[in-house]
$ cat target34.cif   # mmCIF, C-alpha atoms
data_work
#
loop_
_atom_site.label_atom_id
_atom_site.label_comp_id
_atom_site.auth_asym_id
_atom_site.auth_seq_id
_atom_site.Cartn_x
_atom_site.Cartn_y
_atom_site.Cartn_z
CA MET C 1 0.00 0.00 0.00
CA ILE C 2 1.39 3.42 -0.99
CA ARG C 3 0.95 5.79 1.94
CA ARG C 4 2.51 9.01 0.68
CA LEU C 5 4.57 10.58 -2.08
CA GLU C 6 7.80 12.47 -1.72
CA ARG C 7 9.47 14.70 -4.29
CA TYR C 8 12.65 13.47 -5.89
CA GLU C 9 14.97 16.16 -7.26
CA ASP C 10 17.52 14.97 -9.80
CA PRO C 11 20.73 16.91 -10.36
CA ARG C 12 20.17 16.61 -14.12
CA GLY C 13 17.31 19.05 -13.80
CA PHE C 14 14.09 17.10 -13.40
CA SER C 15 11.90 16.23 -10.46
CA LEU C 16 8.92 14.03 -9.75
CA LEU C 17 6.90 12.61 -6.89
CA VAL C 18 7.81 9.05 -5.90
CA PRO C 19 6.03 6.72 -3.47
CA ALA C 20 7.83 6.87 -0.13
CA GLY C 21 9.80 3.74 0.65
CA TRP C 22 10.22 2.56 -2.92
CA LYS C 23 13.72 1.41 -3.81
CA GLN C 24 15.49 3.79 -6.15
CA VAL C 25 17.71 1.86 -8.55
CA VAL C 26 20.70 3.22 -10.43
CA ASP C 27 20.49 1.61 -13.84
CA PRO C 28 23.63 1.64 -15.98
CA ARG C 29 21.64 2.01 -19.20
CA THR C 30 22.14 5.53 -20.44
CA ASP C 31 18.53 5.99 -21.54
CA ILE C 32 17.14 5.31 -18.06
CA ALA C 33 17.14 8.55 -16.13
CA PHE C 34 15.24 7.31 -13.09
CA LEU C 35 13.90 4.03 -11.75
CA ALA C 36 12.05 3.30 -8.52
CA ILE C 37 10.48 -0.02 -7.56
CA ASP C 38 8.03 -1.01 -4.87
CA ARG C 39 9.73 -3.27 -2.35
CA VAL C 40 6.63 -5.42 -1.93
CA PRO C 41 5.12 -7.30 -4.88
CA ALA C 42 1.38 -7.25 -5.52
CA ALA C 43 0.03 -10.13 -7.61
CA ASN C 44 3.61 -11.28 -8.29
CA PHE C 45 4.75 -7.94 -9.74
CA CYS C 46 6.52 -5.03 -8.12
CA ALA C 47 4.99 -1.73 -9.19
CA ASN C 48 7.56 0.66 -10.58
CA VAL C 49 8.19 4.09 -12.03
CA ILE C 50 10.73 4.54 -14.79
CA LEU C 51 11.80 7.65 -16.68
CA THR C 52 13.55 7.10 -20.00
CA THR C 53 15.01 9.55 -22.48
CA ASP C 54 15.39 9.41 -26.25
CA ASP C 55 17.51 11.62 -28.47
CA LEU C 56 15.17 12.72 -31.23
CA PRO C 57 16.00 13.89 -34.75
CA PRO C 58 15.29 17.63 -35.21
CA ASP C 59 12.27 17.02 -37.44
CA LEU C 60 10.48 14.62 -35.10
CA ASP C 61 7.78 16.21 -32.95
CA LEU C 62 5.83 14.68 -30.08
CA ASP C 63 3.03 13.31 -32.25
CA ASP C 64 5.33 11.71 -34.82
CA TRP C 65 7.62 10.31 -32.13
CA GLN C 66 4.73 8.79 -30.24
CA SER C 67 3.17 7.40 -33.38
CA HIS C 68 6.39 5.42 -33.91
CA ALA C 69 6.66 4.60 -30.20
CA GLY C 70 3.12 3.25 -30.07
CA ALA C 71 3.76 0.95 -33.04
CA MET C 72 6.98 -0.24 -31.44
CA LEU C 73 5.26 -1.01 -28.14
CA GLU C 74 2.65 -3.03 -29.96
CA SER C 75 5.31 -5.11 -31.70
CA MET C 76 7.51 -5.57 -28.63
CA LEU C 77 5.13 -6.22 -25.74
CA ALA C 78 3.34 -9.53 -25.33
CA GLY C 79 -0.42 -9.31 -25.01
CA TYR C 80 -0.32 -5.61 -25.86
CA LEU C 81 -3.62 -3.77 -25.65
CA LEU C 82 -3.91 0.00 -26.03
CA LEU C 83 -6.64 0.98 -23.59
CA ASP C 84 -6.57 4.77 -23.66
CA GLN C 85 -4.63 7.62 -25.25
CA GLU C 86 -5.05 11.36 -25.02
CA ARG C 87 -3.14 14.54 -25.83
CA LEU C 88 -2.93 16.99 -22.96
CA ASP C 89 -1.97 20.62 -23.38
CA ARG C 90 0.09 21.72 -20.42
CA PRO C 91 1.94 24.96 -19.65
CA GLY C 92 5.25 23.15 -20.12
CA GLY C 93 4.19 21.79 -23.51
CA PRO C 94 1.94 19.04 -24.80
CA ILE C 95 1.89 15.58 -23.28
CA ILE C 96 0.67 12.35 -24.78
CA ARG C 97 -0.68 10.01 -22.13
CA ARG C 98 -1.49 6.40 -22.83
CA LEU C 99 -2.72 3.46 -20.81
CA VAL C 100 -1.71 0.00 -21.99
CA HIS C 101 -2.03 -3.57 -20.87
CA HIS C 102 0.64 -6.17 -21.54
CA VAL C 103 2.00 -9.40 -20.16
CA VAL C 104 5.43 -9.83 -18.59
CA ALA C 105 7.37 -12.92 -17.49
CA GLN C 106 5.42 -15.75 -15.84
CA SER C 107 2.33 -14.54 -17.75
CA GLU C 108 1.74 -11.73 -15.29
CA PRO C 109 -0.63 -9.09 -16.67
CA VAL C 110 0.55 -5.52 -16.15
CA THR C 111 -1.11 -2.15 -16.66
CA ALA C 112 1.19 0.73 -17.56
CA GLU C 113 0.42 4.44 -17.75
CA GLN C 114 2.83 6.51 -19.84
CA TRP C 115 3.40 10.25 -19.97
CA THR C 116 5.50 11.44 -22.87
CA SER C 117 6.80 14.89 -23.74
CA VAL C 118 9.50 16.54 -25.82
CA HIS C 119 11.87 19.23 -24.59
CA GLY C 120 14.46 20.42 -27.07
CA ARG C 121 15.63 17.32 -28.90
CA THR C 122 15.01 14.98 -25.98
CA GLY C 123 11.91 12.82 -25.65
CA TYR C 124 10.92 11.91 -22.10
CA THR C 125 8.77 8.90 -21.22
CA LEU C 126 7.58 8.38 -17.67
CA THR C 127 6.04 4.94 -17.25
CA CYS C 128 4.18 3.84 -14.12
CA SER C 129 3.44 0.10 -14.06
CA ALA C 130 1.50 -2.16 -11.71
CA ALA C 131 0.06 -5.67 -11.78
CA THR C 132 -3.29 -5.38 -13.50
CA LEU C 133 -5.28 -6.94 -10.66
CA ALA C 134 -3.65 -4.46 -8.26
CA TYR C 135 -3.78 -1.49 -10.64
CA ASP C 136 -7.07 -0.05 -9.42
CA ASP C 137 -5.67 0.22 -5.90
CA VAL C 138 -2.71 2.35 -6.99
CA ALA C 139 -4.04 4.06 -10.14
CA ASP C 140 -4.82 7.41 -8.52
CA ILE C 141 -1.43 7.73 -6.91
CA LEU C 142 0.45 6.60 -10.04
CA THR C 143 -1.47 9.21 -12.01
CA GLU C 144 -0.34 11.76 -9.45
CA VAL C 145 3.24 10.64 -10.09
CA GLY C 146 2.69 11.11 -13.81
CA HIS C 147 1.33 14.61 -13.34
CA SER C 148 4.19 15.55 -11.02
CA TRP C 149 7.10 15.19 -13.42
CA ARG C 150 8.82 18.53 -14.03
CA LEU C 151 11.80 19.62 -16.04
CA ALA C 152 13.62 22.61 -14.57
CA SER C 153 13.13 25.61 -16.80
CA MET X 1 -20.44 -30.78 -38.87
CA THR X 2 -20.57 -27.61 -36.82
CA VAL X 3 -17.65 -28.27 -34.50
CA LEU X 4 -14.44 -26.42 -35.35
CA PHE X 5 -11.60 -27.32 -33.02
CA ASP X 6 -7.91 -26.48 -33.29
CA THR X 7 -6.16 -29.12 -31.21
CA VAL X 8 -2.97 -27.03 -31.11
CA THR X 9 -4.42 -23.73 -29.85
CA GLY X 10 -7.50 -25.14 -28.15
CA ARG X 11 -9.77 -22.78 -30.08
CA LEU X 12 -13.24 -24.29 -30.16
CA ARG X 13 -16.28 -23.10 -32.09
CA LEU X 14 -19.45 -25.11 -32.07
CA SER X 15 -23.23 -24.93 -32.33
CA ALA X 16 -25.49 -24.52 -29.32
CA ASP X 17 -26.59 -28.14 -29.68
CA HIS X 18 -23.02 -29.37 -29.65
CA TRP X 19 -22.23 -27.25 -26.60
CA GLU X 20 -25.16 -28.72 -24.70
CA ALA X 21 -24.10 -32.21 -25.76
CA LEU X 22 -20.55 -31.57 -24.61
CA LEU X 23 -21.74 -30.29 -21.24
CA SER X 24 -23.95 -33.38 -20.81
CA TRP X 25 -21.15 -35.71 -21.82
CA SER X 26 -18.62 -34.03 -19.53
CA GLN X 27 -21.03 -34.41 -16.59
CA GLY X 28 -21.49 -38.10 -17.31
CA ARG X 29 -25.08 -37.65 -18.51
CA SER X 30 -26.41 -39.08 -21.74
CA SER X 31 -25.68 -36.94 -24.78
CA PRO X 32 -27.09 -37.11 -28.32
CA ASP X 33 -25.24 -39.66 -30.43
CA ARG X 34 -24.80 -37.48 -33.49
CA GLN X 35 -23.40 -34.46 -31.67
CA THR X 36 -21.17 -36.64 -29.51
CA ALA X 37 -19.82 -38.32 -32.63
CA ASP X 38 -19.07 -34.91 -34.13
CA LEU X 39 -17.19 -33.90 -30.97
CA ARG X 40 -15.10 -37.09 -31.21
CA THR X 41 -14.36 -36.53 -34.89
CA ALA X 42 -13.20 -32.97 -34.18
CA GLY X 43 -10.90 -34.18 -31.37
CA VAL X 44 -12.77 -32.39 -28.59
CA ILE X 45 -13.40 -35.80 -27.05
CA ASP X 46 -10.16 -37.70 -27.41
CA GLN X 47 -10.06 -41.40 -26.49
CA GLY X 48 -12.89 -41.00 -24.03
CA HIS X 49 -11.49 -37.87 -22.38
CA LEU X 50 -11.96 -34.16 -22.85
CA HIS X 51 -9.03 -32.69 -24.79
CA THR X 52 -6.47 -31.45 -22.28
CA SER X 53 -6.56 -27.84 -23.56
CA LEU X 54 -10.25 -27.64 -22.59
CA VAL X 55 -10.03 -29.13 -19.11
CA PRO X 56 -9.55 -25.79 -17.23
CA ALA X 57 -12.45 -24.23 -19.13
CA PHE X 58 -14.81 -27.03 -18.28
CA GLY X 59 -13.67 -27.07 -14.68
CA ALA X 60 -14.79 -23.45 -14.47
CA ALA X 61 -17.99 -23.95 -16.48
CA LEU X 62 -19.16 -26.91 -14.41
CA GLU X 63 -18.23 -25.57 -10.98
CA PRO X 64 -18.00 -21.78 -11.29
CA VAL X 65 -17.17 -19.56 -8.36
CA ILE X 66 -18.17 -16.51 -10.40
CA THR X 67 -20.47 -16.32 -13.42
CA LEU X 68 -20.22 -13.47 -15.92
CA ALA X 69 -22.83 -12.32 -18.41
CA VAL X 70 -21.83 -10.06 -21.31
CA GLU X 71 -24.40 -8.41 -23.57
CA GLN X 72 -23.61 -6.18 -26.53
CA SER X 73 -25.77 -4.52 -29.17
CA ASP X 74 -24.73 -2.05 -31.84
CA ASP X 75 -26.19 0.49 -34.27
CA GLU X 76 -26.91 -2.21 -36.84
CA GLY X 77 -28.94 -4.23 -34.39
CA VAL X 78 -26.28 -6.92 -34.09
CA ARG X 79 -26.42 -8.55 -30.71
CA ILE X 80 -23.50 -10.48 -29.25
CA ASP X 81 -23.92 -12.22 -25.93
CA GLY X 82 -21.53 -14.22 -23.88
CA THR X 83 -21.32 -16.18 -20.68
CA GLY X 84 -18.20 -16.56 -18.60
CA TRP X 85 -17.18 -18.71 -15.68
CA VAL X 86 -14.34 -18.35 -13.24
CA GLY X 87 -13.29 -21.30 -11.11
CA PRO X 88 -10.43 -21.88 -8.70
CA ALA X 89 -8.09 -23.07 -11.46
CA GLY X 90 -9.22 -21.24 -14.57
CA GLY X 91 -11.85 -19.41 -16.48
CA ALA X 92 -13.67 -19.49 -19.79
CA PHE X 93 -16.06 -17.53 -21.96
CA LEU X 94 -18.64 -18.87 -24.36
CA LEU X 95 -19.30 -16.10 -26.86
CA ASP X 96 -21.63 -15.69 -29.80
CA ALA X 97 -19.66 -16.16 -33.02
CA PRO X 98 -20.52 -15.79 -36.72
CA ASP X 99 -22.60 -18.46 -38.48
CA GLU X 100 -24.68 -19.05 -35.35
CA LEU X 101 -21.76 -20.74 -33.65
CA ARG X 102 -20.36 -20.13 -30.20
CA GLU X 103 -16.70 -19.80 -29.39
CA LEU X 104 -15.17 -21.10 -26.20
CA VAL X 105 -12.33 -18.87 -25.01
CA VAL X 106 -10.12 -20.20 -22.25
CA VAL X 107 -8.96 -17.45 -19.88
CA HIS X 108 -6.63 -17.36 -16.93
CA PRO X 109 -8.48 -15.47 -14.16
CA ALA X 110 -5.70 -12.86 -14.02
CA MET X 111 -6.34 -12.12 -17.70
CA LEU X 112 -10.05 -11.58 -17.23
CA PRO X 113 -9.97 -7.75 -17.38
CA ALA X 114 -7.97 -7.83 -20.62
CA THR X 115 -10.28 -10.46 -22.09
CA LEU X 116 -13.32 -8.37 -21.21
CA ALA X 117 -11.63 -5.29 -22.68
CA ARG X 118 -11.03 -7.14 -25.95
CA ILE X 119 -14.60 -8.47 -26.03
CA VAL X 120 -16.08 -4.98 -25.72
CA ALA X 121 -13.34 -3.38 -27.89
CA LEU X 122 -12.14 -0.98 -25.21
CA GLY X 123 -9.67 1.53 -26.62
CA PRO X 124 -8.88 5.24 -27.00
CA ARG X 125 -11.94 7.49 -27.41
CA GLU X 126 -12.67 11.17 -27.73
CA ARG X 127 -13.67 12.97 -24.56
CA GLY X 128 -16.49 15.18 -25.73
CA ALA X 129 -19.35 15.60 -23.28
CA THR X 130 -18.89 17.17 -19.89
CA SER X 131 -22.28 16.81 -18.26
CA SER X 132 -24.46 13.87 -17.35
CA ARG X 133 -27.83 13.20 -18.97
CA ARG X 134 -30.93 11.52 -17.61
CA HIS X 135 -33.47 9.70 -19.76
CA SER X 136 -36.42 7.45 -19.10
CA ASP X 137 -35.99 3.78 -19.91
CA ALA X 138 -38.47 4.25 -22.75
CA ALA X 139 -36.39 7.07 -24.21
CA MET X 140 -33.24 4.96 -23.86
CA GLY X 141 -34.97 2.15 -25.71
CA ALA X 142 -35.66 4.51 -28.61
CA LEU X 143 -32.16 6.01 -28.53
CA LEU X 144 -30.67 2.52 -28.79
CA SER X 145 -33.17 1.21 -31.30
CA ALA X 146 -31.90 -0.89 -34.21
CA ASP X 147 -33.88 1.41 -36.52
CA THR X 148 -32.01 4.55 -37.66
CA ARG X 149 -35.17 6.64 -38.10
CA ALA X 150 -36.34 5.78 -34.60
CA ARG X 151 -32.95 6.79 -33.23
CA ARG X 152 -32.97 10.06 -35.16
CA ALA X 153 -36.38 10.93 -33.74
CA ALA X 154 -35.28 9.96 -30.24
CA VAL X 155 -32.08 12.03 -30.45
CA ASN X 156 -34.06 15.05 -31.68
CA GLU X 157 -36.59 14.51 -28.91
CA ALA X 158 -33.82 14.25 -26.32
CA GLY X 159 -32.25 17.43 -27.68
CA GLY X 160 -28.72 16.22 -27.26
CA ASP X 161 -25.86 17.08 -29.59
CA SER X 162 -23.70 14.86 -27.45
CA LEU X 163 -25.87 11.92 -28.46
CA SER X 164 -25.87 12.69 -32.19
CA ASP X 165 -23.44 9.82 -32.80
CA LEU X 166 -26.26 7.45 -31.97
CA ILE X 167 -28.06 8.26 -35.23
CA ASP X 168 -25.54 6.97 -37.75
CA GLY X 169 -23.18 5.11 -35.46
CA PRO X 170 -20.98 3.34 -34.97
CA TRP X 171 -21.78 2.70 -31.33
CA ASN X 172 -21.78 -0.21 -28.97
CA HIS X 173 -24.00 -0.62 -25.95
CA TRP X 174 -22.61 -3.24 -23.63
CA SER X 175 -23.02 -4.53 -20.14
CA ILE X 176 -21.20 -7.00 -17.95
CA ARG X 177 -22.60 -8.57 -14.83
CA ALA X 178 -20.61 -10.73 -12.43
CA GLN X 179 -22.48 -12.91 -9.96
CA TRP X 180 -21.37 -15.25 -7.22
CA PRO X 181 -23.38 -17.26 -4.71
CA PRO X 182 -25.56 -16.72 -2.90
CA ASP X 183 -26.38 -13.18 -4.03
CA GLY X 184 -23.19 -11.21 -4.68
CA GLN X 185 -22.95 -9.17 -7.85
CA HIS X 186 -21.11 -6.36 -9.61
CA GLY X 187 -22.28 -4.77 -12.82
CA LEU X 188 -21.19 -2.28 -15.44
CA ALA X 189 -23.09 -0.83 -18.40
CA VAL X 190 -21.52 1.41 -21.04
CA LEU X 191 -22.66 3.26 -24.12
CA ASP X 192 -19.60 3.59 -26.35
CA THR X 193 -19.86 6.21 -29.11
CA VAL X 194 -17.28 7.92 -31.30
CA GLN X 195 -17.55 11.24 -29.43
CA GLN X 196 -17.92 9.93 -25.91
CA MET X 197 -18.13 6.92 -23.64
CA TRP X 198 -20.99 6.95 -21.14
CA LEU X 199 -21.58 4.94 -18.01
CA ILE X 200 -25.21 3.97 -17.69
CA GLU X 201 -26.71 3.75 -14.22
CA ARG X 202 -30.33 2.63 -14.06
CA SER X 203 -32.76 3.17 -11.24
CA ALA X 204 -36.52 3.69 -10.89
CA GLY X 205 -37.24 3.62 -14.60
CA MET X 206 -34.57 6.18 -15.42
CA SER X 207 -31.10 5.90 -16.93
CA LEU X 208 -28.35 8.27 -15.90
CA LEU X 209 -25.68 8.67 -18.59
CA ARG X 210 -22.48 9.86 -17.02
CA PRO X 211 -19.48 10.79 -19.20
CA THR X 212 -16.58 8.44 -18.68
CA ASP X 213 -13.33 7.52 -20.39
CA PRO X 214 -11.49 4.30 -21.22
CA THR X 215 -9.21 4.61 -18.19
CA GLU X 216 -12.14 4.67 -15.79
CA VAL X 217 -13.83 1.83 -17.65
CA TRP X 218 -10.62 -0.21 -17.41
CA ARG X 219 -10.58 0.28 -13.65
CA LEU X 220 -14.23 -0.75 -13.44
CA LEU X 221 -13.50 -3.89 -15.46
CA ILE X 222 -10.79 -4.78 -12.94
CA ARG X 223 -13.34 -4.25 -10.15
CA ILE X 224 -15.90 -6.55 -11.80
CA LEU X 225 -14.36 -9.51 -10.03
CA PRO X 226 -15.25 -9.85 -6.36
CA THR X 227 -12.54 -9.31 -3.79
CA ASP X 228 -11.47 -12.17 -1.56
CA ASP X 229 -13.42 -10.53 1.25
CA GLU X 230 -16.59 -10.38 -0.84
CA LEU X 231 -16.25 -14.04 -1.75
CA ALA X 232 -15.62 -14.95 1.89
CA VAL X 233 -18.71 -13.07 3.08
CA ASN X 234 -20.87 -14.95 0.65
#
$ encode --input "target34.cif" --output "structure tokens"
Amino acid sequence: MIRRLERYEDPRGFSLLVPAGWKQVVDPRTDIAFLAIDRVPAANFCANVILTTDDLPPDLDLDDWQSHAGAMLESMLAGYLLLDQERLDRPGGPIIRRLVHHVVAQSEPVTAEQWTSVHGRTGYTLTCSAATLAYDDVADILTEVGHSWRLAS
Amino acid sequence: MTVLFDTVTGRLRLSADHWEALLSWSQGRSSPDRQTADLRTAGVIDQGHLHTSLVPAFGAALEPVITLAVEQSDDEGVRIDGTGWVGPAGGAFLLDAPDELRELVVVHPAMLPATLARIVALGPRERGATSSRRHSDAAMGALLSADTRARRAAVNEAGGDSLSDLIDGPWNHWSIRAQWPPDGQHGLAVLDTVQQMWLIERSAGMSLLRPTDPTEVWRLLIRILPTDDELAVN
């Protein structure tokens, strides 16, 4: 059970709210800017929050990038099902939010909410994932995490 | 022969008569010779036993902990119904299929929300309307009529631009009801149009249409199954 959120400030210039007590993992992959994992599994899956970055060509905007990204997710993820997608206009720029279902190892169904945005030539993807049967319990707070991501101006 | 069975994938489509015969046979009751012979020829009954890929489905169908009813109707008057069962070791759906057949879909209980989402074609939708609407059951019947002229008249009568999609479609009106003994139940009814998804809540001869979105519907699909506490109480 997630009891509260606390703000994480990264020296690279972004911040976001993270569930208190989750384990923050330093991942050596250069495209992973932030990773935090629940210490306690629910329905055999540890909920997690991951922020990834992509270097984008100059002519690729958010919509084009996410059109490619959506097709790639569909081809890469087992049991992929796009449940929801919307474009949100925010003061810091547009965001494309999507909700997907897929299946991970040991046939565990997972629901993932993604928030994607472009700043300069960098594409940011914040993904909050939870076991599908536990998703409803944590959906509100994971959405709060998604809304909280900020890039220092 | 109206039994189509893929022994590799376990996909089974069959007529209502063959389904009833298979249920009777699997319960050890007498079953019609012709249908039972068809089931043997198709490999559904293999050397006197149910094909192994179908065992979890029949375990759920014969001794369900939870029973699910799915009803769908669209702007062309096509109606697709389905029945689902969830047991301790597995789950299954029997769905209306083309050519008056039924398809048996084997489902792991953890995959039930995704299976339901695929059955009702849940996916991204516009978010158009912002306010709820209330209509009598009679008005709802006209708004969801299979006849386009009747729908046009009903939409004009209701005075709702946000319902204009109902005239020409496409739209899908669906409901799912989960029941478990002795009297536990959860239910969900949705009107899915191009411009907007609506939750339908019925009471006292009236239907309240409340704007919703696929994310909320997904959460409600997850909640369709009873919690362990709800099962324990009952």
$ interface_residues --input "target34.cif" --of "chain X" --to "chain C" --cutoff "9 Å" --atoms "all atoms listed in the file" --output "list in words"
Ala110, Met111, Pro113, Ala114, Ala117, Arg118, Leu122, Gly123, Pro124, Arg125, Glu126, Arg127, Asp213, Pro214, Thr215, Trp218, Arg219, Leu220, Ile222 and Arg223 of chain X
$ resolve_selection --input "target34.cif" --expression "the PyMOL selection byres ((chain C and resi 123) around 8)" --output "list in words"
Thr53, Asp54, Asp55, Leu56, Leu62, Thr116, Ser117, Val118, His119, Arg121, Thr122, Tyr124 and Thr125 of chain C
$ write_last_selection --input "target34.cif" --atoms "C-alpha atoms" --output "PDB file, keeping the file's coordinate frame"
ATOM      1  CA  THR C  53      15.010   9.550 -22.480  1.00  0.00           C
ATOM      2  CA  ASP C  54      15.390   9.410 -26.250  1.00  0.00           C
ATOM      3  CA  ASP C  55      17.510  11.620 -28.470  1.00  0.00           C
ATOM      4  CA  LEU C  56      15.170  12.720 -31.230  1.00  0.00           C
ATOM      5  CA  LEU C  62       5.830  14.680 -30.080  1.00  0.00           C
ATOM      6  CA  THR C 116       5.500  11.440 -22.870  1.00  0.00           C
ATOM      7  CA  SER C 117       6.800  14.890 -23.740  1.00  0.00           C
ATOM      8  CA  VAL C 118       9.500  16.540 -25.820  1.00  0.00           C
ATOM      9  CA  HIS C 119      11.870  19.230 -24.590  1.00  0.00           C
ATOM     10  CA  ARG C 121      15.630  17.320 -28.900  1.00  0.00           C
ATOM     11  CA  THR C 122      15.010  14.980 -25.980  1.00  0.00           C
ATOM     12  CA  TYR C 124      10.920  11.910 -22.100  1.00  0.00           C
ATOM     13  CA  THR C 125       8.770   8.900 -21.220  1.00  0.00           C
TER      14      THR C 125
END
$ atom_distance --input "target34.cif" --atom1 "CA of Ser162 (chain X)" --atom2 "CA of Glu201 (chain X)"
17.5 Å
$ atom_distance --input "target34.cif" --atom1 "CA of Pro64 (chain X)" --atom2 "CA of Ala178 (chain X)"
11.4 Å
$ resolve_selection --input "target34.cif" --expression "the PyMOL selection byres ((chain C and resi 5-7) around 9)" --output "JSON, numbers by chain"
{"C": [2, 3, 4, 8, 9, 15, 16, 17, 18, 19, 20, 141, 144, 145, 148]}
$ atom_distance --input "target34.cif" --atom1 "CA of Asn44 (chain C)" --atom2 "CA of Lys23 (chain C)"
16.8 Å
$ decode --input "target34.cif" --residues "region 92-149 of chain C" --atoms "C-alpha atoms" --output "mmCIF file, in the first residue's frame"
data_model
loop_
_atom_site.group_PDB
_atom_site.id
_atom_site.type_symbol
_atom_site.label_atom_id
_atom_site.label_comp_id
_atom_site.auth_asym_id
_atom_site.auth_seq_id
_atom_site.Cartn_x
_atom_site.Cartn_y
_atom_site.Cartn_z
ATOM 1 C CA GLY C 92 5.248 23.155 -20.119
ATOM 2 C CA GLY C 93 4.187 21.790 -23.508
ATOM 3 C CA PRO C 94 1.935 19.039 -24.805
ATOM 4 C CA ILE C 95 1.894 15.583 -23.282
ATOM 5 C CA ILE C 96 0.669 12.351 -24.776
ATOM 6 C CA ARG C 97 -0.679 10.011 -22.132
ATOM 7 C CA ARG C 98 -1.489 6.404 -22.831
ATOM 8 C CA LEU C 99 -2.718 3.463 -20.810
ATOM 9 C CA VAL C 100 -1.710 0.005 -21.988
ATOM 10 C CA HIS C 101 -2.032 -3.566 -20.873
ATOM 11 C CA HIS C 102 0.644 -6.168 -21.539
ATOM 12 C CA VAL C 103 2.001 -9.401 -20.163
ATOM 13 C CA VAL C 104 5.431 -9.834 -18.590
ATOM 14 C CA ALA C 105 7.371 -12.925 -17.491
ATOM 15 C CA GLN C 106 5.423 -15.751 -15.844
ATOM 16 C CA SER C 107 2.333 -14.545 -17.755
ATOM 17 C CA GLU C 108 1.736 -11.727 -15.286
ATOM 18 C CA PRO C 109 -0.627 -9.087 -16.673
ATOM 19 C CA VAL C 110 0.548 -5.521 -16.150
ATOM 20 C CA THR C 111 -1.113 -2.154 -16.659
ATOM 21 C CA ALA C 112 1.193 0.735 -17.560
ATOM 22 C CA GLU C 113 0.419 4.439 -17.750
ATOM 23 C CA GLN C 114 2.826 6.506 -19.843
ATOM 24 C CA TRP C 115 3.398 10.247 -19.971
ATOM 25 C CA THR C 116 5.504 11.443 -22.872
ATOM 26 C CA SER C 117 6.805 14.895 -23.737
ATOM 27 C CA VAL C 118 9.496 16.541 -25.823
ATOM 28 C CA HIS C 119 11.870 19.234 -24.594
ATOM 29 C CA GLY C 120 14.462 20.417 -27.069
ATOM 30 C CA ARG C 121 15.634 17.316 -28.902
ATOM 31 C CA THR C 122 15.008 14.977 -25.979
ATOM 32 C CA GLY C 123 11.914 12.819 -25.654
ATOM 33 C CA TYR C 124 10.915 11.909 -22.098
ATOM 34 C CA THR C 125 8.767 8.898 -21.222
ATOM 35 C CA LEU C 126 7.575 8.385 -17.669
ATOM 36 C CA THR C 127 6.044 4.938 -17.249
ATOM 37 C CA CYS C 128 4.178 3.837 -14.118
ATOM 38 C CA SER C 129 3.441 0.095 -14.063
ATOM 39 C CA ALA C 130 1.500 -2.156 -11.712
ATOM 40 C CA ALA C 131 0.062 -5.668 -11.780
ATOM 41 C CA THR C 132 -3.290 -5.381 -13.502
ATOM 42 C CA LEU C 133 -5.277 -6.945 -10.660
ATOM 43 C CA ALA C 134 -3.655 -4.455 -8.256
ATOM 44 C CA TYR C 135 -3.779 -1.486 -10.635
ATOM 45 C CA ASP C 136 -7.065 -0.049 -9.425
ATOM 46 C CA ASP C 137 -5.669 0.215 -5.903
ATOM 47 C CA VAL C 138 -2.709 2.352 -6.995
ATOM 48 C CA ALA C 139 -4.039 4.057 -10.135
ATOM 49 C CA ASP C 140 -4.821 7.412 -8.517
ATOM 50 C CA ILE C 141 -1.430 7.725 -6.914
ATOM 51 C CA LEU C 142 0.445 6.599 -10.040
ATOM 52 C CA THR C 143 -1.471 9.210 -12.013
ATOM 53 C CA GLU C 144 -0.341 11.758 -9.448
ATOM 54 C CA VAL C 145 3.243 10.640 -10.093
ATOM 55 C CA GLY C 146 2.692 11.114 -13.812
ATOM 56 C CA HIS C 147 1.331 14.613 -13.345
ATOM 57 C CA SER C 148 4.194 15.552 -11.021
ATOM 58 C CA TRP C 149 7.102 15.190 -13.417
#
